[in-house]
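Colleague: This is data-v3.tsv (TSV, C-alpha atoms).
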chain	number	residue	atom	x	y	z
A	1	MET	CA	-141.16	117.83	-117.64
A	2	ASP	CA	-137.41	118.17	-117.42
A	3	ARG	CA	-134.64	119.03	-119.85
A	4	LEU	CA	-132.11	116.19	-120.04
A	5	SER	CA	-128.36	116.44	-119.68
A	6	ASN	CA	-126.95	113.40	-121.47
A	7	THR	CA	-123.65	111.53	-121.64
A	8	VAL	CA	-121.83	110.88	-124.92
A	9	ARG	CA	-119.96	107.58	-124.99
A	10	PRO	CA	-116.55	107.67	-126.76
A	11	TYR	CA	-116.43	104.14	-128.20
A	12	ALA	CA	-113.63	103.64	-130.71
A	13	TRP	CA	-116.02	102.95	-133.64
A	14	GLY	CA	-117.80	106.27	-133.22
A	15	SER	CA	-117.79	109.10	-135.72
A	16	THR	CA	-115.73	112.13	-134.73
A	17	THR	CA	-118.08	114.56	-136.51
A	18	ALA	CA	-121.71	113.31	-136.77
A	19	ILE	CA	-122.98	114.04	-133.26
A	20	PRO	CA	-121.13	117.38	-133.00
A	21	ALA	CA	-122.62	118.39	-136.37
A	22	LEU	CA	-126.14	117.63	-135.12
A	23	LEU	CA	-125.55	119.45	-131.84
A	24	GLY	CA	-123.87	122.41	-133.52
A	25	THR	CA	-120.70	122.00	-131.44
A	26	ALA	CA	-117.05	121.79	-132.44
A	27	PRO	CA	-115.59	118.28	-132.86
A	28	THR	CA	-113.02	117.34	-130.25
A	29	GLY	CA	-111.13	114.97	-132.53
A	30	GLU	CA	-112.20	112.05	-130.34
A	31	PRO	CA	-114.90	109.53	-131.38
A	32	GLN	CA	-118.41	110.37	-130.18
A	33	ALA	CA	-120.32	107.14	-130.67
A	34	GLU	CA	-123.55	107.26	-128.65
A	35	MET	CA	-125.50	109.84	-126.68
A	36	TRP	CA	-127.63	108.06	-124.06
A	37	MET	CA	-131.05	109.35	-123.02
A	38	GLY	CA	-132.77	107.52	-120.21
A	39	ALA	CA	-132.13	105.79	-116.90
A	40	HIS	CA	-129.48	103.20	-117.69
A	41	PRO	CA	-127.32	102.83	-114.56
A	42	GLY	CA	-124.14	103.02	-116.64
A	43	ALA	CA	-124.80	106.59	-117.80
A	44	PRO	CA	-128.16	107.93	-116.62
A	45	SER	CA	-129.43	111.23	-117.94
A	46	ARG	CA	-129.53	114.04	-115.40
A	47	ILE	CA	-132.29	116.52	-114.66
A	48	ALA	CA	-132.38	119.72	-112.61
A	49	ARG	CA	-135.41	119.33	-110.37
A	50	PRO	CA	-136.02	120.68	-106.86
A	51	LYS	CA	-136.02	118.00	-104.15
A	52	SER	CA	-138.71	118.07	-101.47
A	53	THR	CA	-138.04	116.98	-97.88
A	54	THR	CA	-140.15	116.94	-94.73
A	55	ASP	CA	-139.01	117.60	-91.16
A	56	THR	CA	-141.20	116.32	-88.32
A	57	ASN	CA	-141.12	117.99	-84.89
A	58	GLY	CA	-143.61	116.34	-82.55
A	59	THR	CA	-146.99	116.71	-84.28
A	60	THR	CA	-145.79	119.38	-86.71
A	61	ALA	CA	-144.48	118.55	-90.19
A	62	THR	CA	-142.68	121.16	-92.24
A	63	ALA	CA	-142.04	120.71	-95.98
A	64	HIS	CA	-138.92	122.13	-97.58
A	65	THR	CA	-137.99	122.43	-101.25
A	66	THR	CA	-134.34	122.70	-102.17
A	67	ALA	CA	-133.00	124.72	-105.09
A	68	PRO	CA	-132.82	122.78	-108.39
A	69	THR	CA	-129.69	120.68	-108.67
A	70	GLU	CA	-128.81	118.06	-111.25
A	71	ARG	CA	-129.84	114.57	-110.21
A	72	PRO	CA	-129.56	111.26	-112.08
A	73	LEU	CA	-132.86	110.21	-113.63
A	74	THR	CA	-132.35	106.82	-111.96
A	75	ASP	CA	-132.57	108.49	-108.52
A	76	VAL	CA	-135.65	110.50	-109.47
A	77	ILE	CA	-137.50	107.38	-110.64
A	78	ALA	CA	-136.40	105.33	-107.63
A	79	ALA	CA	-137.84	107.98	-105.29
A	80	ASP	CA	-141.34	107.74	-106.84
A	81	PRO	CA	-141.65	104.95	-109.42
A	82	GLU	CA	-145.42	105.10	-109.90
A	83	GLY	CA	-145.46	108.89	-110.00
A	84	GLU	CA	-142.76	108.98	-112.69
A	85	LEU	CA	-143.58	105.86	-114.73
A	86	GLY	CA	-147.27	105.28	-114.08
A	87	ALA	CA	-148.77	102.33	-112.20
A	88	ALA	CA	-149.23	100.20	-115.33
A	89	THR	CA	-145.60	100.55	-116.40
A	90	VAL	CA	-144.36	99.62	-112.92
A	91	ALA	CA	-146.72	96.65	-112.78
A	92	ARG	CA	-145.44	95.39	-116.15
A	93	PHE	CA	-141.70	96.14	-115.91
A	94	GLY	CA	-140.93	96.99	-112.30
A	95	PRO	CA	-139.71	100.33	-110.91
A	96	ARG	CA	-137.44	101.19	-113.83
A	97	LEU	CA	-137.64	102.93	-117.19
A	98	PRO	CA	-137.86	99.94	-119.55
A	99	PHE	CA	-136.24	101.57	-122.58
A	100	LEU	CA	-133.08	103.46	-123.51
A	101	LEU	CA	-132.96	106.05	-126.31
A	102	LYS	CA	-129.73	106.92	-128.11
A	103	LEU	CA	-128.18	108.96	-130.84
A	104	LEU	CA	-125.82	106.49	-132.52
A	105	ALA	CA	-123.03	107.67	-134.83
A	106	ALA	CA	-121.03	104.91	-136.51
A	107	GLY	CA	-117.80	106.01	-138.14
A	108	SER	CA	-116.58	102.43	-138.58
A	109	PRO	CA	-118.26	99.02	-138.21
A	110	LEU	CA	-119.56	97.88	-134.84
A	111	SER	CA	-119.17	94.30	-133.69
A	112	LEU	CA	-121.23	91.59	-135.35
A	113	GLN	CA	-123.71	90.61	-132.64
A	114	VAL	CA	-126.99	89.02	-131.62
A	115	HIS	CA	-129.34	89.41	-128.65
A	116	PRO	CA	-131.11	86.69	-126.64
A	117	ASP	CA	-134.85	86.40	-126.16
A	118	LEU	CA	-136.31	86.96	-122.69
A	119	ASP	CA	-136.31	83.30	-121.67
A	120	GLN	CA	-132.70	82.82	-122.81
A	121	ALA	CA	-131.63	85.96	-120.95
A	122	ARG	CA	-133.27	84.88	-117.71
A	123	LYS	CA	-131.81	81.37	-117.84
A	124	GLY	CA	-128.36	82.55	-118.92
A	125	TYR	CA	-128.19	85.22	-116.23
A	126	ALA	CA	-129.33	82.79	-113.51
A	127	ASP	CA	-126.77	80.21	-114.64
A	128	GLU	CA	-123.84	82.63	-114.59
A	129	GLU	CA	-124.94	84.02	-111.22
A	130	ALA	CA	-125.11	80.47	-109.83
A	131	ARG	CA	-121.61	79.75	-111.13
A	132	GLY	CA	-120.30	82.90	-109.45
A	133	ILE	CA	-118.99	84.61	-112.60
A	134	PRO	CA	-118.35	88.28	-111.72
A	135	ILE	CA	-120.67	90.64	-113.56
A	136	ASP	CA	-117.67	92.55	-114.97
A	137	ALA	CA	-115.67	89.45	-116.01
A	138	PRO	CA	-114.53	89.64	-119.65
A	139	HIS	CA	-115.98	86.18	-120.32
A	140	ARG	CA	-119.36	86.99	-118.73
A	141	THR	CA	-122.14	86.73	-121.36
A	142	TYR	CA	-125.32	87.78	-119.53
A	143	LYS	CA	-125.14	91.11	-117.69
A	144	ASP	CA	-128.81	91.09	-116.67
A	145	ALA	CA	-131.98	89.02	-116.99
A	146	ASN	CA	-133.61	91.05	-119.77
A	147	HIS	CA	-133.80	90.78	-123.53
A	148	LYS	CA	-132.60	93.58	-125.83
A	149	PRO	CA	-134.73	94.09	-128.94
A	150	GLU	CA	-133.78	97.32	-130.68
A	151	LEU	CA	-134.76	99.68	-133.49
A	152	ILE	CA	-132.46	101.99	-135.44
A	153	CYS	CA	-133.95	104.88	-137.45
A	154	ALA	CA	-131.63	106.62	-139.93
A	155	LEU	CA	-131.05	110.37	-139.73
A	156	THR	CA	-128.47	110.20	-142.54
A	157	PRO	CA	-127.79	107.47	-145.10
A	158	PHE	CA	-127.03	104.49	-142.88
A	159	ASP	CA	-125.31	101.18	-143.76
A	160	GLY	CA	-125.70	97.96	-141.84
A	161	LEU	CA	-125.93	94.18	-141.85
A	162	CYS	CA	-129.17	92.53	-140.77
A	163	GLY	CA	-130.19	88.86	-140.75
A	164	PHE	CA	-128.94	85.95	-142.82
A	165	ARG	CA	-129.18	86.13	-146.59
A	166	ARG	CA	-130.02	83.00	-148.55
A	167	PRO	CA	-127.14	80.50	-148.39
A	168	THR	CA	-126.85	80.39	-152.19
A	169	GLU	CA	-126.43	84.18	-152.27
A	170	ALA	CA	-123.71	84.00	-149.62
A	171	ALA	CA	-122.04	81.25	-151.66
A	172	ASP	CA	-122.02	83.51	-154.72
A	173	VAL	CA	-120.38	86.33	-152.73
A	174	MET	CA	-117.63	84.03	-151.44
A	175	GLU	CA	-117.03	82.16	-154.67
A	176	ALA	CA	-116.52	85.39	-156.62
A	177	LEU	CA	-113.48	86.15	-154.46
A	178	GLY	CA	-111.49	83.27	-155.98
A	179	VAL	CA	-109.99	82.27	-152.62
A	180	ASP	CA	-109.37	78.50	-152.53
A	181	SER	CA	-109.70	78.21	-148.74
A	182	LEU	CA	-113.25	79.56	-148.95
A	183	MET	CA	-114.47	76.84	-151.29
A	184	PRO	CA	-115.41	74.37	-148.51
A	185	TYR	CA	-117.76	77.06	-147.17
A	186	VAL	CA	-119.16	77.62	-150.65
A	187	ASP	CA	-119.83	73.90	-151.03
A	188	LEU	CA	-121.55	73.69	-147.63
A	189	LEU	CA	-123.76	76.67	-148.41
A	190	ARG	CA	-124.94	75.05	-151.63
A	191	ALA	CA	-125.19	71.43	-150.49
A	192	HIS	CA	-127.25	71.61	-147.29
A	193	PRO	CA	-130.73	72.75	-146.31
A	194	GLU	CA	-130.86	76.40	-145.38
A	195	GLU	CA	-130.65	76.17	-141.58
A	196	ALA	CA	-127.96	73.48	-141.58
A	197	ALA	CA	-125.88	75.34	-144.16
A	198	LEU	CA	-125.85	78.61	-142.19
A	199	ARG	CA	-125.17	76.86	-138.89
A	200	GLU	CA	-122.32	74.72	-140.24
A	201	VAL	CA	-120.57	77.59	-142.00
A	202	LEU	CA	-120.80	80.03	-139.09
A	203	THR	CA	-119.58	77.30	-136.71
A	204	ALA	CA	-116.68	76.48	-139.05
A	205	ILE	CA	-115.69	80.16	-139.40
A	206	LEU	CA	-115.68	80.82	-135.64
A	207	GLY	CA	-113.99	77.49	-134.81
A	208	ALA	CA	-111.18	77.60	-137.38
A	209	ASP	CA	-107.49	77.91	-136.49
A	210	PRO	CA	-106.88	81.67	-135.91
A	211	ALA	CA	-103.63	81.83	-137.91
A	212	GLU	CA	-105.11	80.01	-140.90
A	213	MET	CA	-108.25	82.11	-140.71
A	214	ALA	CA	-106.21	85.33	-140.64
A	215	ASP	CA	-104.56	84.32	-143.92
A	216	THR	CA	-107.93	83.49	-145.49
A	217	VAL	CA	-109.42	86.81	-144.36
A	218	ALA	CA	-106.43	88.70	-145.76
A	219	GLU	CA	-106.85	87.01	-149.15
A	220	ALA	CA	-110.60	87.64	-149.10
A	221	ALA	CA	-110.09	91.30	-148.16
A	222	ALA	CA	-107.66	91.84	-151.03
A	223	ALA	CA	-110.15	90.28	-153.44
A	224	CYS	CA	-112.98	92.48	-152.11
A	225	GLU	CA	-110.81	95.55	-152.58
A	226	ARG	CA	-110.03	94.47	-156.14
A	227	LEU	CA	-113.61	93.63	-157.09
A	228	GLY	CA	-115.34	96.62	-155.47
A	229	GLY	CA	-119.06	97.00	-156.11
A	230	ALA	CA	-121.09	94.65	-153.92
A	231	HIS	CA	-117.86	93.49	-152.26
A	232	ALA	CA	-116.76	96.99	-151.22
A	233	PRO	CA	-118.46	96.91	-147.78
A	234	TYR	CA	-116.46	93.81	-146.82
A	235	ALA	CA	-113.22	95.48	-147.86
A	236	ARG	CA	-114.12	98.37	-145.54
A	237	ILE	CA	-114.94	95.97	-142.71
A	238	ALA	CA	-111.66	94.10	-143.21
A	239	HIS	CA	-109.73	97.38	-143.15
A	240	ASN	CA	-111.03	98.01	-139.62
A	241	TYR	CA	-110.75	94.37	-138.45
A	242	PRO	CA	-107.78	92.80	-140.29
A	243	GLY	CA	-107.71	89.04	-139.94
A	244	ASP	CA	-110.97	88.91	-137.98
A	245	PRO	CA	-113.15	85.90	-138.96
A	246	GLY	CA	-116.16	88.18	-138.55
A	247	VAL	CA	-115.29	89.58	-141.99
A	248	LEU	CA	-116.34	86.23	-143.47
A	249	ALA	CA	-119.33	85.89	-141.14
A	250	ALA	CA	-120.49	89.29	-142.40
A	251	MET	CA	-120.78	87.84	-145.91
A	252	LEU	CA	-123.54	85.54	-144.65
A	253	LEU	CA	-125.75	88.55	-143.81
A	254	ASN	CA	-127.94	90.94	-145.77
A	255	TYR	CA	-126.28	94.26	-146.56
A	256	VAL	CA	-128.75	97.13	-146.00
A	257	GLN	CA	-128.62	100.82	-146.91
A	258	LEU	CA	-131.20	102.94	-145.10
A	259	GLN	CA	-132.30	106.38	-146.25
A	260	PRO	CA	-133.23	109.06	-143.67
A	261	GLY	CA	-136.50	108.13	-141.99
A	262	GLU	CA	-136.15	104.40	-142.69
A	263	ALA	CA	-135.54	101.98	-139.85
A	264	LEU	CA	-134.49	98.45	-138.98
A	265	PHE	CA	-135.94	96.35	-136.18
A	266	LEU	CA	-133.57	93.79	-134.63
A	267	GLY	CA	-135.39	91.07	-132.73
A	268	ALA	CA	-133.95	88.20	-130.71
A	269	GLY	CA	-131.58	85.87	-132.51
A	270	VAL	CA	-131.03	88.13	-135.54
A	271	PRO	CA	-127.31	88.71	-136.26
A	272	HIS	CA	-126.52	92.30	-137.19
A	273	ALA	CA	-123.92	95.05	-137.28
A	274	TYR	CA	-124.06	98.79	-137.94
A	275	LEU	CA	-121.42	100.01	-140.38
A	276	ASP	CA	-121.74	103.73	-140.99
A	277	GLY	CA	-124.16	106.60	-140.38
A	278	LEU	CA	-126.14	108.57	-137.80
A	279	GLY	CA	-129.42	107.33	-136.37
A	280	VAL	CA	-131.87	107.37	-133.48
A	281	GLU	CA	-131.78	104.04	-131.65
A	282	ILE	CA	-134.19	102.70	-129.05
A	283	MET	CA	-133.89	99.43	-127.18
A	284	ALA	CA	-135.08	97.53	-124.16
A	285	ASN	CA	-132.94	98.56	-121.21
A	286	SER	CA	-130.40	95.70	-121.20
A	287	ASP	CA	-126.70	95.04	-121.77
A	288	ASN	CA	-127.02	91.50	-123.11
A	289	VAL	CA	-124.94	91.12	-126.28
A	290	LEU	CA	-123.47	87.93	-127.77
A	291	ARG	CA	-120.73	88.78	-130.23
A	292	CYS	CA	-119.87	86.75	-133.30
A	293	GLY	CA	-117.02	88.71	-134.84
A	294	LEU	CA	-115.49	92.12	-135.60
A	295	THR	CA	-114.32	92.51	-132.03
A	296	PRO	CA	-111.38	91.71	-129.74
A	297	LYS	CA	-113.89	90.88	-126.98
A	298	HIS	CA	-114.87	87.41	-125.80
A	299	ILE	CA	-116.98	85.29	-128.15
A	300	ASP	CA	-118.99	82.59	-126.37
A	301	VAL	CA	-119.42	80.29	-129.37
A	302	PRO	CA	-121.54	77.53	-127.73
A	303	GLU	CA	-124.01	80.05	-126.27
A	304	LEU	CA	-124.01	82.07	-129.48
A	305	LEU	CA	-125.02	79.01	-131.48
A	306	ARG	CA	-127.92	78.43	-129.09
A	307	VAL	CA	-129.17	82.01	-129.45
A	308	VAL	CA	-128.76	82.66	-133.18
A	309	ARG	CA	-131.76	81.96	-135.38
A	310	PHE	CA	-130.38	80.22	-138.45
A	311	GLU	CA	-132.93	81.26	-141.02
A	312	ALA	CA	-132.67	83.44	-144.10
A	313	THR	CA	-134.80	86.57	-143.85
A	314	GLU	CA	-135.41	89.79	-145.71
A	315	PRO	CA	-133.96	92.81	-143.88
A	316	GLY	CA	-137.45	94.19	-143.17
A	317	VAL	CA	-136.88	97.92	-143.65
A	318	LEU	CA	-139.53	99.87	-141.71
A	319	ARG	CA	-141.11	103.13	-142.77
A	320	PRO	CA	-143.25	105.16	-140.39
A	321	GLU	CA	-147.02	104.72	-140.48
A	322	ALA	CA	-148.87	108.05	-140.38
A	323	SER	CA	-151.86	108.69	-138.09
A	324	PRO	CA	-154.52	111.45	-138.15
A	325	SER	CA	-152.76	113.16	-135.23
A	326	GLY	CA	-149.61	113.65	-137.31
A	327	GLU	CA	-147.69	111.03	-135.35
A	328	GLU	CA	-145.65	108.71	-137.59
A	329	ARG	CA	-145.16	105.39	-135.81
A	330	TYR	CA	-142.52	102.72	-136.29
A	331	GLU	CA	-144.48	99.56	-135.54
A	332	THR	CA	-142.67	96.75	-133.70
A	333	PRO	CA	-143.81	93.71	-131.65
A	334	VAL	CA	-142.05	94.99	-128.52
A	335	ASP	CA	-143.68	95.90	-125.19
A	336	GLU	CA	-140.83	97.88	-123.65
A	337	PHE	CA	-140.72	100.70	-126.18
A	338	ALA	CA	-142.46	102.55	-128.98
A	339	LEU	CA	-140.80	105.08	-131.28
A	340	SER	CA	-142.57	107.68	-133.38
A	341	ARG	CA	-141.80	110.92	-135.19
A	342	TYR	CA	-143.51	114.29	-135.61
A	343	THR	CA	-142.71	116.72	-138.39
A	344	LEU	CA	-143.91	120.09	-137.08
A	345	ALA	CA	-144.63	123.22	-139.11
A	346	SER	CA	-144.83	126.84	-137.94
A	347	GLY	CA	-148.40	127.98	-137.39
A	348	ALA	CA	-149.83	124.46	-137.30
A	349	ALA	CA	-151.97	123.22	-134.41
A	350	PRO	CA	-149.95	121.92	-131.44
A	351	ALA	CA	-149.14	118.22	-131.37
A	352	GLU	CA	-150.80	116.71	-128.30
A	353	LEU	CA	-148.36	114.31	-126.64
A	354	THR	CA	-149.89	113.59	-123.23
A	355	ALA	CA	-149.62	109.87	-122.43
A	356	PRO	CA	-150.12	107.52	-119.44
A	357	THR	CA	-146.53	106.35	-119.90
A	358	PRO	CA	-143.14	108.06	-119.39
A	359	GLN	CA	-141.71	109.75	-122.48
A	360	ILE	CA	-138.42	111.07	-123.82
A	361	LEU	CA	-138.77	113.65	-126.61
A	362	LEU	CA	-135.76	114.33	-128.85
A	363	CYS	CA	-135.41	117.13	-131.41
A	364	THR	CA	-133.36	116.20	-134.49
A	365	ALA	CA	-134.05	119.16	-136.80
A	366	GLY	CA	-135.26	122.77	-136.58
A	367	THR	CA	-136.53	124.27	-133.33
A	368	VAL	CA	-139.33	122.65	-131.38
A	369	ARG	CA	-141.09	124.05	-128.33
A	370	VAL	CA	-142.22	121.40	-125.82
A	371	GLY	CA	-144.22	122.97	-123.05
A	372	GLU	CA	-142.10	125.95	-122.02
A	373	LEU	CA	-138.83	124.48	-123.24
A	374	ASP	CA	-137.24	125.19	-126.63
A	375	LEU	CA	-135.34	122.28	-128.14
A	376	THR	CA	-132.72	122.44	-130.90
A	377	PRO	CA	-131.17	119.41	-132.62
A	378	GLY	CA	-129.80	116.90	-130.13
A	379	GLN	CA	-131.69	118.34	-127.15
A	380	SER	CA	-134.23	116.24	-125.28
A	381	VAL	CA	-136.73	116.26	-122.42
A	382	TYR	CA	-138.13	113.69	-120.03
A	383	VAL	CA	-141.90	113.72	-119.43
A	384	PRO	CA	-143.31	111.75	-116.47
A	385	ALA	CA	-146.38	109.60	-117.02
A	386	ALA	CA	-149.69	111.46	-117.47
A	387	GLU	CA	-148.07	114.92	-117.47
A	388	ALA	CA	-149.81	117.20	-119.97
A	389	VAL	CA	-147.51	118.13	-122.86
A	390	GLU	CA	-147.79	119.50	-126.38
A	391	ALA	CA	-145.29	120.52	-129.03
A	392	THR	CA	-145.15	123.36	-131.54
A	393	GLY	CA	-142.53	124.91	-133.81
A	394	SER	CA	-140.82	123.97	-137.03
A	395	GLY	CA	-138.73	120.82	-136.94
A	396	THR	CA	-138.58	117.10	-136.26
A	397	LEU	CA	-139.36	115.55	-132.90
A	398	PHE	CA	-138.87	111.87	-132.00
A	399	ARG	CA	-141.04	110.43	-129.25
A	400	ALA	CA	-139.87	107.43	-127.20
A	401	THR	CA	-142.28	105.80	-124.76
A	402	VAL	CA	-143.66	102.47	-123.57
A	403	ALA	CA	-145.83	100.53	-126.04
A	404	ALA	CA	-149.50	101.46	-125.59
A	405	ARG	CA	-150.61	97.82	-125.44
A	406	THR	CA	-148.81	97.38	-122.10
A	407	VAL	CA	-150.87	100.03	-120.26
For the file at hand, write its structure as structure tokens.
Modeller:
Amino acid sequence: MDRLSNTVRPYAWGSTTAIPALLGTAPTGEPQAEMWMGAHPGAPSRIARPKSTTDTNGTTATAHTTAPTERPLTDVIAADPEGELGAATVARFGPRLPFLLKLLAAGSPLSLQVHPDLDQARKGYADEEARGIPIDAPHRTYKDANHKPELICALTPFDGLCGFRRPTEAADVMEALGVDSLMPYVDLLRAHPEEAALREVLTAILGADPAEMADTVAEAAAACERLGGAHAPYARIAHNYPGDPGVLAAMLLNYVQLQPGEALFLGAGVPHAYLDGLGVEIMANSDNVLRCGLTPKHIDVPELLRVVRFEATEPGVLRPEASPSGEERYETPVDEFALSRYTLASGAAPAELTAPTPQILLCTAGTVRVGELDLTPGQSVYVPAAEAVEATGSGTLFRATVAARTV
């Protein structure tokens, strides 16, 4: 196993204090939004592992081992995919780590977004490749051919938006603001069947004249500030995104407050946004995001409307399911990843973590010993497939791996 050195991404919405507080380091004053753990090519974790080489001289082969130097996890996996990931993982997902683990610290709202399913991602990526759209073009929608289901587990109280609420509930939220220009949306939400109502209102919000919409959002934001209570989250969103039509789109969604240990699963087509808090996030290793507000970035409205699932749903808060081994699992229908949690106590029997799949183990509280490595909050290790590993100590350890049903 290998201790990971990880990159912290300084996105503007990130908290300036949450990740430093977990790591026990001094804040820099700059936002620290996400710490990435895994083999994403944009910011792969690094490990210090000796590198073996072989020189051949006639019939004689001589093996050499270099001193440990930091190497990207992407390079380590590429050099021996089956040895690192296991044959079953490579057969199912190819020679790459299929998941990415993060610490996510939201200090202000993220963009309102949705992710495609696997078929949509493959078709969308192939289409944009065929049309010659550069992968880094601002108007490019599909960065790869993979889907991006994700799970966020709260480490602190965590606020977010997840899935459409019932149209009549959204109508009540808007009508209470007393803004005349919102009344056509209120009428649509009450007059049409559920799917048609949500589709028509979101389409109208995103397609409206920007100047007129900015005025409507400003009036709505002032009313939210005045009313407070259930409208307070939208006042906070509007403060960060003045005039953005996503403020109104946010009112169509369920507002969710997670307590530590609770989680949300975001499947394909489910609109969502994280608003505030610190959590552990795991996702399929993809960059495919379709935005629908709260962002200055490109919004591909026609493609968005094809991807979004216009159905009212309950937020579906997940709580871990305990097992006799002490592992608490967050059950999801995803093949690329599985997330679980161990709460370890001093003097207790070691937690046996050996698995036929690659793992990343992250400490979030206390001190945990994994093999011969001591982990404190925010520290993590990478464990290749089938490598024997157990954990002891007093603290909390999150385990990220590939879903067992795929091996």
Colleague: Tell me which of A:Val8, A:Met174, A:Val280, A:Val402 sits closest to His231 of chain A, counting all atoms listed in the file.
Modeller: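 Of A:Val8, A:Met174, A:Val280, A:Val402, the one nearest His231 of chain A, counting all atoms listed in the file, is A:Met174.
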Colleague: Which residue is closest to Phe398 of chain A? Choose from A:Thr354, A:Thr216, A:Gln379, A:Ser340 and count all atoms listed in the file.
Modeller: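 Of A:Thr354, A:Thr216, A:Gln379, A:Ser340, the one nearest Phe398 of chain A, counting all atoms listed in the file, is A:Ser340.
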Colleague: Quick one: pull the distance between atom CA of Asp300 of chain A and atom CA of Val201 of chain A, Å, one decimal.
Modeller: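 Separation of atom CA of Asp300 of chain A and atom CA of Val201 of chain A: 16.5 Å.
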Colleague: Applying 9 Å and all atoms listed in the file, which residues near Thr203 of chain A remain after dropping the ones on its own chain fewer than 4 positions away? List them as a PyMOL selection string.
Modeller: chain A and resi 198-199+207-208+301+305
Colleague: Could you write out the selected residues, including C-alpha atoms, as a PDB file, keeping the file's coordinate frame?
Modeller:
ATOM      1  CA  LEU A 198    -125.850  78.610-142.190  1.00  0.00           C
ATOM      2  CA  ARG A 199    -125.170  76.860-138.890  1.00  0.00           C
ATOM      3  CA  GLY A 207    -113.990  77.490-134.810  1.00  0.00           C
ATOM      4  CA  ALA A 208    -111.180  77.600-137.380  1.00  0.00           C
ATOM      5  CA  VAL A 301    -119.420  80.290-129.370  1.00  0.00           C
ATOM      6  CA  LEU A 305    -125.020  79.010-131.480  1.00  0.00           C
TER       7      LEU A 305
END
Colleague: What lies within 7 Å of Cys292 of chain A using all atoms listed in the file, ignoring chain neighbours under 5 positions off, as a count of residues only?
Modeller: 4
Colleague: Rank A:Val368, A:Ile360, A:Ala176, A:Val308 by their smallest atom-to-atom distance to Met1 of chain A, using all atoms listed in the file, and report the top residue only.
Modeller: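 Smallest separation from Met1 of chain A among the options: A:Ile360.
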Colleague: In Å to one decimal, how far is atom CA of Ser394 of chain A from atom CA of Leu100 of chain A?
Modeller: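 Between these atoms lies a distance of 25.8 Å.
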Colleague: Could you give me, as JSON lines, a per-residue list for segment 220-307 of chain A showing, wherever an atom lies at most 12 Å from an atom of segment 125-134 of chain A, the closest pair of atoms and their distance in Å to one decimal, using all atoms listed in the file and sorting by chain then residue number from low to high?
Modeller:
{"residue": "A:Ser286", "atom": "CA", "partner": "A:Tyr125", "partner_atom": "CA", "distance": 11.8}
{"residue": "A:Asp287", "atom": "CA", "partner": "A:Tyr125", "partner_atom": "CA", "distance": 11.4}
{"residue": "A:Asn288", "atom": "CA", "partner": "A:Tyr125", "partner_atom": "CA", "distance": 9.4}
{"residue": "A:Glu303", "atom": "CA", "partner": "A:Asp127", "partner_atom": "CA", "distance": 12.0}
Colleague: For atom CA of Pro271 of chain A and atom CA of Asp159 of chain A, quote the distance in Å rounded to one decimal.
Modeller: 14.7 Å
Colleague: Pick out the residues sitting within 8 Å of Val217 of chain A, and hand them over as a PyMOL selection string; count all atoms listed in the file, and ignore anything fewer than 6 positions along from it in its own chain.
Modeller: chain A and resi 238+242-245+247-248
Colleague: Would you please work out which residue, of A:Ala33, A:Leu258, A:Ala365, A:Ala345, is nearest to Cys162 of chain A when using all atoms listed in the file?
Modeller: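 Closest to Cys162 of chain A, using all atoms listed in the file: A:Leu258.
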Colleague: Segment 34-50 of chain A: which residues within 7 Å, counting only C-alpha atoms, same-chain residues fewer than 3 positions away excluded, as an mmCIF file with C-alpha atoms, keeping the file's coordinate frame?
Modeller:
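Okay, this is what ended up in part36.cif:
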data_model
loop_
_atom_site.group_PDB
_atom_site.id
_atom_site.type_symbol
_atom_site.label_atom_id
_atom_site.label_comp_id
_atom_site.auth_asym_id
_atom_site.auth_seq_id
_atom_site.Cartn_x
_atom_site.Cartn_y
_atom_site.Cartn_z
ATOM 1 C CA ASP A 2 -137.410 118.170 -117.420
ATOM 2 C CA ARG A 3 -134.640 119.030 -119.850
ATOM 3 C CA LEU A 4 -132.110 116.190 -120.040
ATOM 4 C CA SER A 5 -128.360 116.440 -119.680
ATOM 5 C CA ASN A 6 -126.950 113.400 -121.470
ATOM 6 C CA THR A 7 -123.650 111.530 -121.640
ATOM 7 C CA VAL A 8 -121.830 110.880 -124.920
ATOM 8 C CA ARG A 9 -119.960 107.580 -124.990
ATOM 9 C CA THR A 65 -137.990 122.430 -101.250
ATOM 10 C CA THR A 66 -134.340 122.700 -102.170
ATOM 11 C CA ALA A 67 -133.000 124.720 -105.090
ATOM 12 C CA PRO A 68 -132.820 122.780 -108.390
ATOM 13 C CA THR A 69 -129.690 120.680 -108.670
ATOM 14 C CA GLU A 70 -128.810 118.060 -111.250
ATOM 15 C CA ARG A 71 -129.840 114.570 -110.210
ATOM 16 C CA PRO A 72 -129.560 111.260 -112.080
ATOM 17 C CA LEU A 73 -132.860 110.210 -113.630
ATOM 18 C CA THR A 74 -132.350 106.820 -111.960
ATOM 19 C CA LEU A 97 -137.640 102.930 -117.190
ATOM 20 C CA LEU A 100 -133.080 103.460 -123.510
ATOM 21 C CA LEU A 101 -132.960 106.050 -126.310
ATOM 22 C CA LYS A 102 -129.730 106.920 -128.110
ATOM 23 C CA LEU A 103 -128.180 108.960 -130.840
ATOM 24 C CA LEU A 104 -125.820 106.490 -132.520
ATOM 25 C CA ALA A 105 -123.030 107.670 -134.830
ATOM 26 C CA ASN A 285 -132.940 98.560 -121.210
#
Colleague: Between A:Gln259, A:Thr28, A:Asn146, A:Asn240, which is the closest to Ala221 of chain A once you count all atoms listed in the file?
Modeller: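 Checking each of A:Gln259, A:Thr28, A:Asn146, A:Asn240 against Ala221 of chain A, counting all atoms listed in the file, the winner is A:Asn240.
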